[in-house]
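Notes for the one structure printed next.
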Amino acid sequence: MKAYQDGLAKFEAADTQVLGISVDSIPANAHWAQELGVSFPLLSDFMRKVSAEYGIYNTENGFANRATFVIDKEGKIQHIEEGKTAIDPTGAATACSRLAHK
């Protein structure tokens, strides 16, 4: 999340809203946002519904696998990164920039 915060200007330049979603509770997300200095919203998927619908919920371990989704203004998924590459915002920023210049 810190890397996304550090690169937030790139997303804003592409007219993009960055959201973090976690299966942690709202208070836990508020704590992490403050500790990490994150200014974009961190949403709680405490009931794991969104994670399951996006196919990233790990039922065996009870958490969501790390993933980044770029969703266009019509609600269509345009880019997905999963695992370690989801931590680096470069791919998502590039996808957002590409969408902004269509």
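Within each chain, counting starts at residue 1; across the structure tokens, chains are named A, B, ... in the order shown, with ligands numbered 1 upward in that order.
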
Requested in this report: Write out as a list of chain:residue names each polymer residue whose atoms come within 10 Å of A:Asp45, counting only C-alpha atoms; drop sequence neighbours fewer than 5 positions from it.
Outcome: A:Ile21, A:Ser22, A:Val23, A:Asp24, A:Ser25, A:Ile26, A:Val50, A:Ser51, A:Ala52, A:Ala64

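On the backbone of this structure, DSSP gives strand (DSSP E) within chain A to Gly20, Ile21, Ser22, Leu42, Leu43, Ser44, Tyr57, Asn58, Phe63, Ala64, Ala67, Thr68, Phe69, Val70, Ile71, Ile77, Gln78, His79, Ile80, Glu81 and Glu82 of chain A.
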
Would you mind exporting the chosen residues as a short mmCIF file (atom, residue, chain, number, x, y, z; two decimals), in the first residue's frame, restricted to N, CA and C atoms?
data_model
loop_
_atom_site.label_atom_id
_atom_site.label_comp_id
_atom_site.auth_asym_id
_atom_site.auth_seq_id
_atom_site.Cartn_x
_atom_site.Cartn_y
_atom_site.Cartn_z
N GLY A 20 -8.07 0.72 -1.45
CA GLY A 20 -7.53 -0.51 -0.90
C GLY A 20 -8.69 -1.28 -0.28
N ILE A 21 -8.69 -2.58 -0.46
CA ILE A 21 -9.74 -3.42 0.14
C ILE A 21 -9.05 -4.55 0.88
N SER A 22 -9.49 -4.77 2.11
CA SER A 22 -8.89 -5.80 2.96
C SER A 22 -10.00 -6.56 3.68
N LEU A 42 -9.33 2.91 2.52
CA LEU A 42 -9.15 1.47 2.75
C LEU A 42 -10.49 0.91 3.17
N LEU A 43 -11.05 0.06 2.36
CA LEU A 43 -12.37 -0.50 2.60
C LEU A 43 -12.27 -1.86 3.24
N SER A 44 -13.26 -2.21 4.03
CA SER A 44 -13.29 -3.50 4.72
C SER A 44 -14.21 -4.48 3.99
N TYR A 57 -10.51 -15.01 -2.94
CA TYR A 57 -10.64 -15.43 -1.55
C TYR A 57 -10.06 -16.83 -1.37
N ASN A 58 -9.15 -16.95 -0.44
CA ASN A 58 -8.51 -18.21 -0.12
C ASN A 58 -9.30 -18.85 1.03
N PHE A 63 -8.33 -15.76 4.05
CA PHE A 63 -7.93 -14.41 3.67
C PHE A 63 -8.01 -14.25 2.16
N ALA A 64 -7.90 -13.01 1.71
CA ALA A 64 -7.90 -12.72 0.28
C ALA A 64 -6.46 -12.73 -0.22
N ALA A 67 -4.09 -8.94 -4.77
CA ALA A 67 -4.41 -8.69 -6.17
C ALA A 67 -4.69 -7.21 -6.38
N THR A 68 -4.46 -6.77 -7.61
CA THR A 68 -4.78 -5.41 -8.03
C THR A 68 -5.68 -5.50 -9.25
N PHE A 69 -6.78 -4.78 -9.20
CA PHE A 69 -7.72 -4.73 -10.32
C PHE A 69 -7.82 -3.29 -10.81
N VAL A 70 -7.72 -3.11 -12.12
CA VAL A 70 -8.00 -1.81 -12.72
C VAL A 70 -9.36 -1.95 -13.40
N ILE A 71 -10.29 -1.14 -12.95
CA ILE A 71 -11.68 -1.21 -13.43
C ILE A 71 -11.99 0.12 -14.11
N ILE A 77 -13.47 -4.82 -15.80
CA ILE A 77 -12.08 -5.06 -15.39
C ILE A 77 -11.20 -4.99 -16.63
N GLN A 78 -10.19 -4.12 -16.57
CA GLN A 78 -9.28 -3.92 -17.69
C GLN A 78 -7.89 -4.50 -17.46
N HIS A 79 -7.55 -4.75 -16.20
CA HIS A 79 -6.19 -5.21 -15.88
C HIS A 79 -6.23 -5.89 -14.52
N ILE A 80 -5.50 -7.00 -14.40
CA ILE A 80 -5.40 -7.72 -13.13
C ILE A 80 -3.95 -8.09 -12.89
N GLU A 81 -3.50 -7.91 -11.68
CA GLU A 81 -2.20 -8.40 -11.25
C GLU A 81 -2.42 -9.15 -9.95
N GLU A 82 -1.78 -10.30 -9.83
CA GLU A 82 -1.94 -11.10 -8.61
C GLU A 82 -0.57 -11.47 -8.05
#

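Of the listed residues (A:Ala86, A:Ser39, A:His101, A:Met47), A:Ser39 comes nearest to A:Ala9; the distances count only C-alpha atoms.
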
Requested in this report: Between atom CA of A:Pro27 and atom CA of A:Phe11, measure the distance and give it in Å to one decimal.
Outcome: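 Interatomic distance, atom CA of A:Pro27 to atom CA of A:Phe11: 26.0 Å.
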
Query raised in the report: Which residue, A:Lys102, A:Trp32, A:Cys96, A:Phe40, has the smallest gap to A:Val18 when you use only C-alpha atoms?
Result: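 Using only C-alpha atoms, A:Val18 sits closest to A:Phe40.
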
Query raised in the report: Quick one: of A:Leu99, A:Arg66, A:Asp15, A:Ala33, who's nearest to A:Lys84, counting only C-alpha atoms?
Result: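 Of A:Leu99, A:Arg66, A:Asp15, A:Ala33, the one nearest A:Lys84 is A:Arg66, counting only C-alpha atoms.
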
**Report entry** Sel. of helix (DSSP H, G or I) residues, stretch 39-77 of chain A, as a PyMOL selection string
**Finding:** chain A and resi 49-53

Just the selected residues (C-alpha atoms), exported as a short mmCIF file (atom, residue, chain, number, x, y, z; two decimals), in the first residue's frame, please.
data_model
loop_
_atom_site.label_atom_id
_atom_site.label_comp_id
_atom_site.auth_asym_id
_atom_site.auth_seq_id
_atom_site.Cartn_x
_atom_site.Cartn_y
_atom_site.Cartn_z
CA LYS A 49 -18.03 -11.22 -0.15
CA VAL A 50 -16.06 -9.00 -2.55
CA SER A 51 -12.96 -11.21 -2.32
CA ALA A 52 -15.04 -14.26 -3.17
CA GLU A 53 -16.82 -12.53 -6.05
#

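Of the residues listed (A:Ala28, A:Gly62, A:Gln17, A:Glu12), A:Gln17 shows the shortest atom-to-atom separation from A:Pro41; distances use only C-alpha atoms.
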